[in-house]
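First the structure, in the form of structure tokens, and then the observations on it.
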Amino acid sequence: MTKSDLIARLAARYPQLVAKDADFAVKTILDAMGESLARGQRIEIRGFGSFGLNYRPPRVGRNPKSGEKVHVPEKHVPHFKAGKELRDRVDAKLNEEENAKAASTTRGPVVAAAGG
Amino acid sequence: MEQPTHDAANTLTKAELADLLFEKVGLNKREAKDMVETFFEEIRTSLENGQSVKLSGFGNFQLRDKPQRPGRNPKTGEEIPITARRVVTFHASQKLKSMVEAHYGGGTADA
């Protein structure tokens with residue numbers, strides 16, 4: 001799914017809005033998230049995950065071609081940790097696929113346990 | 001519902017995003033809240049269905065299937081297999097990385 005697919009899906013779910021509102025909403029959310037991270041501000045979305053920055057200390061690296069030592073300055077890199085709901089849903093699908101495979105070889109159709 | 005207001009000043013949450021949609025896009029408060037929820041729900045649904053999500057200028061959410069591997073209960077030392085699982089990984093776009101570097105790089109950033 002790309003950004004334009006996401007915009008199209010949101011636009012379809014909110015027929016009362018004009019299409020450009022969905023477009024602007026997605027851009028506004030992503031800009032705000034990017035700017036927050038750039039400022040060093042964490043992002044926490046319950047059920048989805050959290051974004052933060054990881055610190056990489058300065059180190060002496062090597063140019064792999066020449067073998068020459070180069071100073072690599074410290075830096076901060078964006079990091080995402082999936083939240084519980086996202087982790088569980090993504091993983092449940094994998095288990096469902098595997099169970100379906102296993103079930104189809106042993107017995108008839110199996111009703112997947114529905115989450116409450 | 002009681003919720004601890006932890007680090008509210010230094011954390012972006014769904015509430016702040018909804019406020020932005022209210023202020024900038026002109027959605028009403030309810031629409032703004034729904035839209036933020038739906039935004040993340042659509043991404044979750046796509047990932048749940050095994051489809052990666054590519055948000056240009058921000059980053060990509062991808063899926064990795066990890067095979068079962070041997071593990072250990074760190075307390076008891078007992079060997080228990082870590083089951084096969086599918087996990088989500090995020091790769092920040094070059095633009096997002098540069099935005100972070102521009103802020104933190106200071107004088108040490110390479111030209």
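Each chain in the structure tokens gets a letter, A, B and so on, in the order shown; residues start at 1 in every chain, and ligands are counted from 1 in the order they appear.
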
Quiz item: Which residues of chain B are close to chain A, meaning at most 6 Å apart when you count only C-alpha atoms, and how do they look as a ChimeraX atom specification?
Solution: /B:10-13,48,53-55,85-86,90,99-100

Serialized selection, all heavy atoms, as a JSON list (two decimals), in the first residue's frame:
[["chain", "number", "residue", "atom", "x", "y", "z"],
["B", 10, "ASN", "N", 6.32, 16.03, 25.73],
["B", 10, "ASN", "CA", 7.36, 15.60, 24.80],
["B", 10, "ASN", "C", 6.98, 14.37, 23.98],
["B", 10, "ASN", "O", 7.84, 13.67, 23.49],
["B", 10, "ASN", "CB", 8.67, 15.36, 25.54],
["B", 10, "ASN", "CG", 9.85, 15.55, 24.61],
["B", 10, "ASN", "OD1", 9.82, 16.39, 23.73],
["B", 10, "ASN", "ND2", 10.88, 14.73, 24.78],
["B", 11, "THR", "N", 5.70, 14.13, 23.86],
["B", 11, "THR", "CA", 5.27, 12.97, 23.08],
["B", 11, "THR", "C", 4.10, 13.36, 22.18],
["B", 11, "THR", "O", 3.16, 14.00, 22.63],
["B", 11, "THR", "CB", 4.83, 11.83, 24.01],
["B", 11, "THR", "OG1", 5.89, 11.56, 24.92],
["B", 11, "THR", "CG2", 4.52, 10.57, 23.23],
["B", 12, "LEU", "N", 4.21, 12.97, 20.92],
["B", 12, "LEU", "CA", 3.11, 13.19, 19.98],
["B", 12, "LEU", "C", 2.17, 11.99, 20.07],
["B", 12, "LEU", "O", 2.62, 10.85, 19.99],
["B", 12, "LEU", "CB", 3.66, 13.34, 18.57],
["B", 12, "LEU", "CG", 2.64, 13.62, 17.46],
["B", 12, "LEU", "CD1", 2.10, 15.03, 17.57],
["B", 12, "LEU", "CD2", 3.26, 13.41, 16.09],
["B", 13, "THR", "N", 0.88, 12.26, 20.27],
["B", 13, "THR", "CA", -0.10, 11.17, 20.37],
["B", 13, "THR", "C", -1.26, 11.42, 19.41],
["B", 13, "THR", "O", -1.30, 12.46, 18.74],
["B", 13, "THR", "CB", -0.66, 11.07, 21.81],
["B", 13, "THR", "OG1", -1.40, 12.26, 22.07],
["B", 13, "THR", "CG2", 0.44, 10.91, 22.84],
["B", 48, "GLU", "N", -1.51, -6.48, 8.39],
["B", 48, "GLU", "CA", -2.15, -7.73, 8.83],
["B", 48, "GLU", "C", -2.38, -8.65, 7.64],
["B", 48, "GLU", "O", -2.26, -9.87, 7.75],
["B", 48, "GLU", "CB", -3.48, -7.37, 9.51],
["B", 48, "GLU", "CG", -4.24, -8.56, 10.06],
["B", 48, "GLU", "CD", -5.53, -8.11, 10.73],
["B", 48, "GLU", "OE1", -6.04, -7.02, 10.41],
["B", 48, "GLU", "OE2", -6.01, -8.86, 11.58],
["B", 53, "VAL", "N", 3.69, -1.34, 3.63],
["B", 53, "VAL", "CA", 3.14, 0.01, 3.47],
["B", 53, "VAL", "C", 4.29, 0.98, 3.18],
["B", 53, "VAL", "O", 5.26, 1.03, 3.94],
["B", 53, "VAL", "CB", 2.39, 0.44, 4.75],
["B", 53, "VAL", "CG1", 1.88, 1.87, 4.63],
["B", 53, "VAL", "CG2", 1.23, -0.50, 5.03],
["B", 54, "LYS", "N", 4.17, 1.71, 2.07],
["B", 54, "LYS", "CA", 5.24, 2.62, 1.67],
["B", 54, "LYS", "C", 4.72, 4.05, 1.67],
["B", 54, "LYS", "O", 3.89, 4.40, 0.84],
["B", 54, "LYS", "CB", 5.75, 2.27, 0.28],
["B", 54, "LYS", "CG", 6.33, 0.87, 0.22],
["B", 54, "LYS", "CD", 6.84, 0.53, -1.15],
["B", 54, "LYS", "CE", 7.45, -0.87, -1.08],
["B", 54, "LYS", "NZ", 8.44, -1.09, -2.11],
["B", 55, "LEU", "N", 5.21, 4.84, 2.61],
["B", 55, "LEU", "CA", 4.76, 6.22, 2.71],
["B", 55, "LEU", "C", 5.92, 7.12, 2.31],
["B", 55, "LEU", "O", 6.83, 7.36, 3.11],
["B", 55, "LEU", "CB", 4.29, 6.51, 4.14],
["B", 55, "LEU", "CG", 3.18, 5.55, 4.62],
["B", 55, "LEU", "CD1", 2.89, 5.76, 6.10],
["B", 55, "LEU", "CD2", 1.91, 5.73, 3.80],
["B", 85, "ARG", "N", 7.49, -16.54, 13.62],
["B", 85, "ARG", "CA", 6.60, -15.39, 13.73],
["B", 85, "ARG", "C", 6.80, -14.39, 12.60],
["B", 85, "ARG", "O", 7.84, -14.39, 11.94],
["B", 85, "ARG", "CB", 6.77, -14.70, 15.09],
["B", 85, "ARG", "CG", 8.19, -14.22, 15.37],
["B", 85, "ARG", "CD", 8.36, -13.89, 16.83],
["B", 85, "ARG", "NE", 8.12, -15.07, 17.67],
["B", 85, "ARG", "CZ", 7.83, -15.03, 18.96],
["B", 85, "ARG", "NH1", 7.75, -13.88, 19.57],
["B", 85, "ARG", "NH2", 7.65, -16.13, 19.65],
["B", 86, "ARG", "N", 5.80, -13.58, 12.42],
["B", 86, "ARG", "CA", 5.89, -12.50, 11.43],
["B", 86, "ARG", "C", 5.98, -11.19, 12.19],
["B", 86, "ARG", "O", 5.17, -10.94, 13.08],
["B", 86, "ARG", "CB", 4.65, -12.51, 10.53],
["B", 86, "ARG", "CG", 4.67, -11.41, 9.47],
["B", 86, "ARG", "CD", 3.52, -11.57, 8.51],
["B", 86, "ARG", "NE", 3.71, -12.74, 7.65],
["B", 86, "ARG", "CZ", 2.75, -13.26, 6.88],
["B", 86, "ARG", "NH1", 1.55, -12.75, 6.87],
["B", 86, "ARG", "NH2", 3.00, -14.30, 6.12],
["B", 90, "PHE", "N", 10.32, -1.10, 10.42],
["B", 90, "PHE", "CA", 10.15, 0.23, 9.83],
["B", 90, "PHE", "C", 11.50, 0.72, 9.33],
["B", 90, "PHE", "O", 12.50, 0.62, 10.04],
["B", 90, "PHE", "CB", 9.58, 1.21, 10.86],
["B", 90, "PHE", "CG", 9.53, 2.63, 10.37],
["B", 90, "PHE", "CD1", 8.61, 3.02, 9.40],
["B", 90, "PHE", "CD2", 10.39, 3.59, 10.89],
["B", 90, "PHE", "CE1", 8.56, 4.33, 8.94],
["B", 90, "PHE", "CE2", 10.34, 4.91, 10.44],
["B", 90, "PHE", "CZ", 9.42, 5.28, 9.47],
["B", 99, "MET", "N", 16.11, 14.93, 7.86],
["B", 99, "MET", "CA", 15.46, 15.91, 8.74],
["B", 99, "MET", "C", 15.98, 15.76, 10.16],
["B", 99, "MET", "O", 16.23, 16.75, 10.86],
["B", 99, "MET", "CB", 13.94, 15.70, 8.74],
["B", 99, "MET", "CG", 13.22, 16.37, 7.59],
["B", 99, "MET", "SD", 11.49, 15.81, 7.46],
["B", 99, "MET", "CE", 10.77, 16.44, 8.97],
["B", 100, "VAL", "N", 16.14, 14.51, 10.60],
["B", 100, "VAL", "CA", 16.66, 14.26, 11.95],
["B", 100, "VAL", "C", 18.11, 14.72, 12.04],
["B", 100, "VAL", "O", 18.51, 15.38, 13.00],
["B", 100, "VAL", "CB", 16.53, 12.76, 12.29],
["B", 100, "VAL", "CG1", 17.28, 12.43, 13.57],
["B", 100, "VAL", "CG2", 15.07, 12.37, 12.41]]

Exercise. Write out as an MDAnalysis selection string which residues come within 12 Å of segment 67-71 of chain B when counting only C-alpha atoms, dropping same-chain ones fewer than 4 positions away.
Key: (chainID A and resid 94) or (chainID B and resid 76:87)

Quick one: pick out all strand (DSSP E) residues within chain A from a backbone DSSP run and write them as a compact mmCIF listing (two decimals) with all heavy atoms, in the first residue's frame.
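File out.txt, as written:
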# COMPACT_ATOMS: atom_id res chain seq x y z
N ARG A 42 9.20 12.08 20.85
CA ARG A 42 8.71 10.73 20.60
C ARG A 42 7.28 10.76 20.05
O ARG A 42 6.57 11.73 20.24
CB ARG A 42 8.68 9.93 21.92
CG ARG A 42 10.03 9.41 22.36
CD ARG A 42 9.88 8.74 23.72
NE ARG A 42 8.92 7.64 23.70
CZ ARG A 42 9.16 6.45 23.19
NH1 ARG A 42 10.33 6.19 22.64
NH2 ARG A 42 8.24 5.52 23.22
N ILE A 43 6.88 9.67 19.42
CA ILE A 43 5.50 9.51 18.96
C ILE A 43 4.98 8.22 19.57
O ILE A 43 5.64 7.18 19.46
CB ILE A 43 5.43 9.41 17.41
CG1 ILE A 43 6.13 10.60 16.75
CG2 ILE A 43 3.99 9.29 16.95
CD1 ILE A 43 6.32 10.45 15.26
N GLU A 44 3.85 8.29 20.23
CA GLU A 44 3.26 7.07 20.80
C GLU A 44 1.82 6.94 20.36
O GLU A 44 0.98 7.78 20.69
CB GLU A 44 3.32 7.11 22.33
CG GLU A 44 4.73 6.91 22.86
CD GLU A 44 4.79 6.89 24.37
OE1 GLU A 44 3.72 6.76 25.02
OE2 GLU A 44 5.91 7.01 24.91
N ILE A 45 1.55 5.91 19.57
CA ILE A 45 0.20 5.65 19.09
C ILE A 45 -0.23 4.30 19.68
O ILE A 45 0.28 3.26 19.27
CB ILE A 45 0.17 5.58 17.55
CG1 ILE A 45 0.83 6.81 16.92
CG2 ILE A 45 -1.27 5.39 17.06
CD1 ILE A 45 0.15 8.13 17.18
N GLY A 49 2.08 1.60 17.70
CA GLY A 49 3.49 1.51 18.03
C GLY A 49 4.06 2.86 18.42
O GLY A 49 3.33 3.84 18.51
N SER A 50 5.37 2.88 18.66
CA SER A 50 6.00 4.14 19.02
C SER A 50 7.23 4.37 18.16
O SER A 50 7.88 3.43 17.70
CB SER A 50 6.39 4.12 20.50
OG SER A 50 7.27 3.06 20.76
N PHE A 51 7.48 5.66 17.91
CA PHE A 51 8.65 6.08 17.16
C PHE A 51 9.54 6.89 18.09
O PHE A 51 9.03 7.67 18.89
CB PHE A 51 8.26 6.98 15.98
CG PHE A 51 7.39 6.33 14.94
CD1 PHE A 51 6.01 6.28 15.12
CD2 PHE A 51 7.93 5.78 13.79
CE1 PHE A 51 5.20 5.70 14.16
CE2 PHE A 51 7.13 5.20 12.83
CZ PHE A 51 5.76 5.14 13.01
N GLY A 52 10.82 6.72 17.95
CA GLY A 52 11.76 7.53 18.72
C GLY A 52 13.06 7.60 17.96
O GLY A 52 13.13 7.19 16.81
N LEU A 53 14.07 8.14 18.62
CA LEU A 53 15.38 8.22 17.99
C LEU A 53 16.35 7.35 18.75
O LEU A 53 16.31 7.28 19.98
CB LEU A 53 15.89 9.67 17.99
CG LEU A 53 15.05 10.69 17.21
CD1 LEU A 53 15.71 12.07 17.30
CD2 LEU A 53 14.89 10.28 15.76
N ASN A 54 17.18 6.66 18.02
CA ASN A 54 18.28 5.92 18.66
C ASN A 54 19.57 6.67 18.41
O ASN A 54 19.79 7.19 17.32
CB ASN A 54 18.39 4.51 18.07
CG ASN A 54 17.38 3.56 18.70
OD1 ASN A 54 16.74 3.91 19.68
ND2 ASN A 54 17.25 2.38 18.11
N TYR A 55 20.40 6.72 19.44
CA TYR A 55 21.67 7.43 19.35
C TYR A 55 22.76 6.47 18.88
O TYR A 55 22.87 5.35 19.38
CB TYR A 55 22.02 8.01 20.72
CG TYR A 55 23.38 8.64 20.80
CD1 TYR A 55 23.67 9.81 20.11
CD2 TYR A 55 24.39 8.07 21.58
CE1 TYR A 55 24.92 10.40 20.18
CE2 TYR A 55 25.64 8.65 21.67
CZ TYR A 55 25.91 9.81 20.96
OH TYR A 55 27.14 10.39 21.03
N ARG A 56 23.53 6.90 17.90
CA ARG A 56 24.71 6.13 17.47
C ARG A 56 25.94 6.96 17.80
O ARG A 56 26.12 8.04 17.24
CB ARG A 56 24.67 5.89 15.96
CG ARG A 56 23.45 5.14 15.47
CD ARG A 56 23.71 3.66 15.39
NE ARG A 56 22.59 2.97 14.79
CZ ARG A 56 21.53 2.53 15.46
NH1 ARG A 56 21.44 2.74 16.77
NH2 ARG A 56 20.56 1.90 14.84
N ARG A 59 32.30 6.95 15.87
CA ARG A 59 33.19 5.79 15.82
C ARG A 59 34.19 5.99 14.70
O ARG A 59 34.01 6.86 13.83
CB ARG A 59 32.40 4.51 15.61
CG ARG A 59 31.64 4.51 14.32
CD ARG A 59 30.68 3.33 14.20
NE ARG A 59 29.90 3.47 12.98
CZ ARG A 59 30.29 3.02 11.79
NH1 ARG A 59 31.45 2.40 11.64
NH2 ARG A 59 29.54 3.20 10.72
N VAL A 60 35.23 5.18 14.74
CA VAL A 60 36.19 5.22 13.66
C VAL A 60 35.85 4.10 12.70
O VAL A 60 35.86 2.93 13.07
CB VAL A 60 37.63 5.05 14.18
CG1 VAL A 60 38.61 5.01 13.02
CG2 VAL A 60 37.96 6.19 15.13
N GLY A 61 35.49 4.46 11.50
CA GLY A 61 35.15 3.46 10.51
C GLY A 61 36.28 3.33 9.51
O GLY A 61 37.32 3.97 9.65
N ARG A 62 36.06 2.48 8.55
CA ARG A 62 37.08 2.34 7.51
C ARG A 62 36.44 2.41 6.15
O ARG A 62 35.38 1.87 5.94
CB ARG A 62 37.79 0.98 7.65
CG ARG A 62 38.95 1.03 8.57
CD ARG A 62 39.61 -0.33 8.67
NE ARG A 62 40.51 -0.38 9.80
CZ ARG A 62 41.73 0.12 9.80
NH1 ARG A 62 42.20 0.72 8.73
NH2 ARG A 62 42.50 0.03 10.88
N LYS A 69 41.24 4.90 7.48
CA LYS A 69 40.38 5.17 8.64
C LYS A 69 39.62 6.46 8.43
O LYS A 69 40.19 7.45 7.99
CB LYS A 69 41.23 5.34 9.91
CG LYS A 69 41.68 4.03 10.52
CD LYS A 69 42.39 4.25 11.83
CE LYS A 69 42.92 2.95 12.36
NZ LYS A 69 43.69 3.12 13.60
N VAL A 70 38.33 6.43 8.72
CA VAL A 70 37.54 7.66 8.62
C VAL A 70 36.74 7.84 9.89
O VAL A 70 36.26 6.87 10.49
CB VAL A 70 36.56 7.64 7.41
CG1 VAL A 70 37.28 7.90 6.12
CG2 VAL A 70 35.79 6.34 7.35
N HIS A 71 36.61 9.10 10.32
CA HIS A 71 35.83 9.39 11.50
C HIS A 71 34.36 9.43 11.12
O HIS A 71 33.96 10.15 10.22
CB HIS A 71 36.27 10.74 12.08
CG HIS A 71 35.41 11.17 13.23
ND1 HIS A 71 35.46 10.54 14.45
CD2 HIS A 71 34.48 12.14 13.33
CE1 HIS A 71 34.58 11.11 15.27
NE2 HIS A 71 33.97 12.09 14.61
N VAL A 72 33.56 8.63 11.80
CA VAL A 72 32.11 8.66 11.56
C VAL A 72 31.48 9.40 12.74
O VAL A 72 31.56 8.93 13.88
CB VAL A 72 31.53 7.24 11.44
CG1 VAL A 72 30.03 7.29 11.17
CG2 VAL A 72 32.24 6.46 10.35
N LYS A 75 25.36 10.13 15.51
CA LYS A 75 24.12 10.50 14.85
C LYS A 75 22.91 9.90 15.55
O LYS A 75 23.03 9.03 16.41
CB LYS A 75 24.15 10.10 13.38
CG LYS A 75 24.30 8.63 13.12
CD LYS A 75 24.23 8.39 11.62
CE LYS A 75 24.51 6.93 11.29
NZ LYS A 75 24.45 6.69 9.85
N HIS A 76 21.75 10.41 15.18
CA HIS A 76 20.49 9.89 15.70
C HIS A 76 19.71 9.29 14.54
O HIS A 76 19.61 9.90 13.49
CB HIS A 76 19.66 11.02 16.32
CG HIS A 76 20.24 11.53 17.61
ND1 HIS A 76 21.28 12.42 17.63
CD2 HIS A 76 19.95 11.23 18.90
CE1 HIS A 76 21.59 12.68 18.89
NE2 HIS A 76 20.79 11.97 19.68
N VAL A 77 19.18 8.10 14.74
CA VAL A 77 18.40 7.46 13.67
C VAL A 77 17.00 7.13 14.17
O VAL A 77 16.83 6.70 15.30
CB VAL A 77 19.10 6.19 13.13
CG1 VAL A 77 20.39 6.55 12.41
CG2 VAL A 77 19.39 5.20 14.25
N PRO A 78 15.99 7.35 13.29
CA PRO A 78 14.62 7.05 13.67
C PRO A 78 14.44 5.54 13.91
O PRO A 78 15.08 4.71 13.26
CB PRO A 78 13.80 7.49 12.45
CG PRO A 78 14.68 8.40 11.70
CD PRO A 78 16.07 7.93 11.95
N HIS A 79 13.57 5.24 14.88
CA HIS A 79 13.35 3.86 15.27
C HIS A 79 11.88 3.63 15.55
O HIS A 79 11.22 4.51 16.10
CB HIS A 79 14.18 3.60 16.55
CG HIS A 79 13.83 2.35 17.26
ND1 HIS A 79 14.29 1.12 16.84
CD2 HIS A 79 13.04 2.11 18.34
CE1 HIS A 79 13.81 0.20 17.65
NE2 HIS A 79 13.05 0.76 18.57
N PHE A 80 11.35 2.48 15.13
CA PHE A 80 9.94 2.16 15.37
C PHE A 80 9.82 0.86 16.13
O PHE A 80 10.52 -0.10 15.85
CB PHE A 80 9.19 2.05 14.04
CG PHE A 80 7.77 1.54 14.16
CD1 PHE A 80 6.78 2.35 14.72
CD2 PHE A 80 7.42 0.27 13.73
CE1 PHE A 80 5.46 1.88 14.84
CE2 PHE A 80 6.11 -0.19 13.85
CZ PHE A 80 5.14 0.62 14.41
N LYS A 81 8.94 0.85 17.12
CA LYS A 81 8.65 -0.40 17.83
C LYS A 81 7.15 -0.64 17.71
O LYS A 81 6.35 0.20 18.12
CB LYS A 81 9.05 -0.26 19.29
CG LYS A 81 8.91 -1.56 20.07
CD LYS A 81 9.58 -1.42 21.44
CE LYS A 81 9.55 -2.73 22.20
NZ LYS A 81 8.23 -3.12 22.68
N ALA A 82 6.79 -1.77 17.13
CA ALA A 82 5.37 -2.07 16.94
C ALA A 82 4.70 -2.27 18.28
O ALA A 82 5.26 -2.85 19.20
CB ALA A 82 5.23 -3.32 16.08

Practice problem: Name the residues of segment 5-113 of chain A that fall into alpha helix (DSSP H) according to DSSP on the backbone, using the chain letters and numbers of this document, as a PyMOL selection string. | Solution: chain A and resi 5-13+19-38+84-106

Quiz item: segment 57-61 of chain B: which residues within 9 Å, counting only C-alpha atoms, same-chain residues fewer than 5 positions away excluded, as a ChimeraX atom specification?
Solution: /A:30-31,33-34 /B:43,47,52,88-97
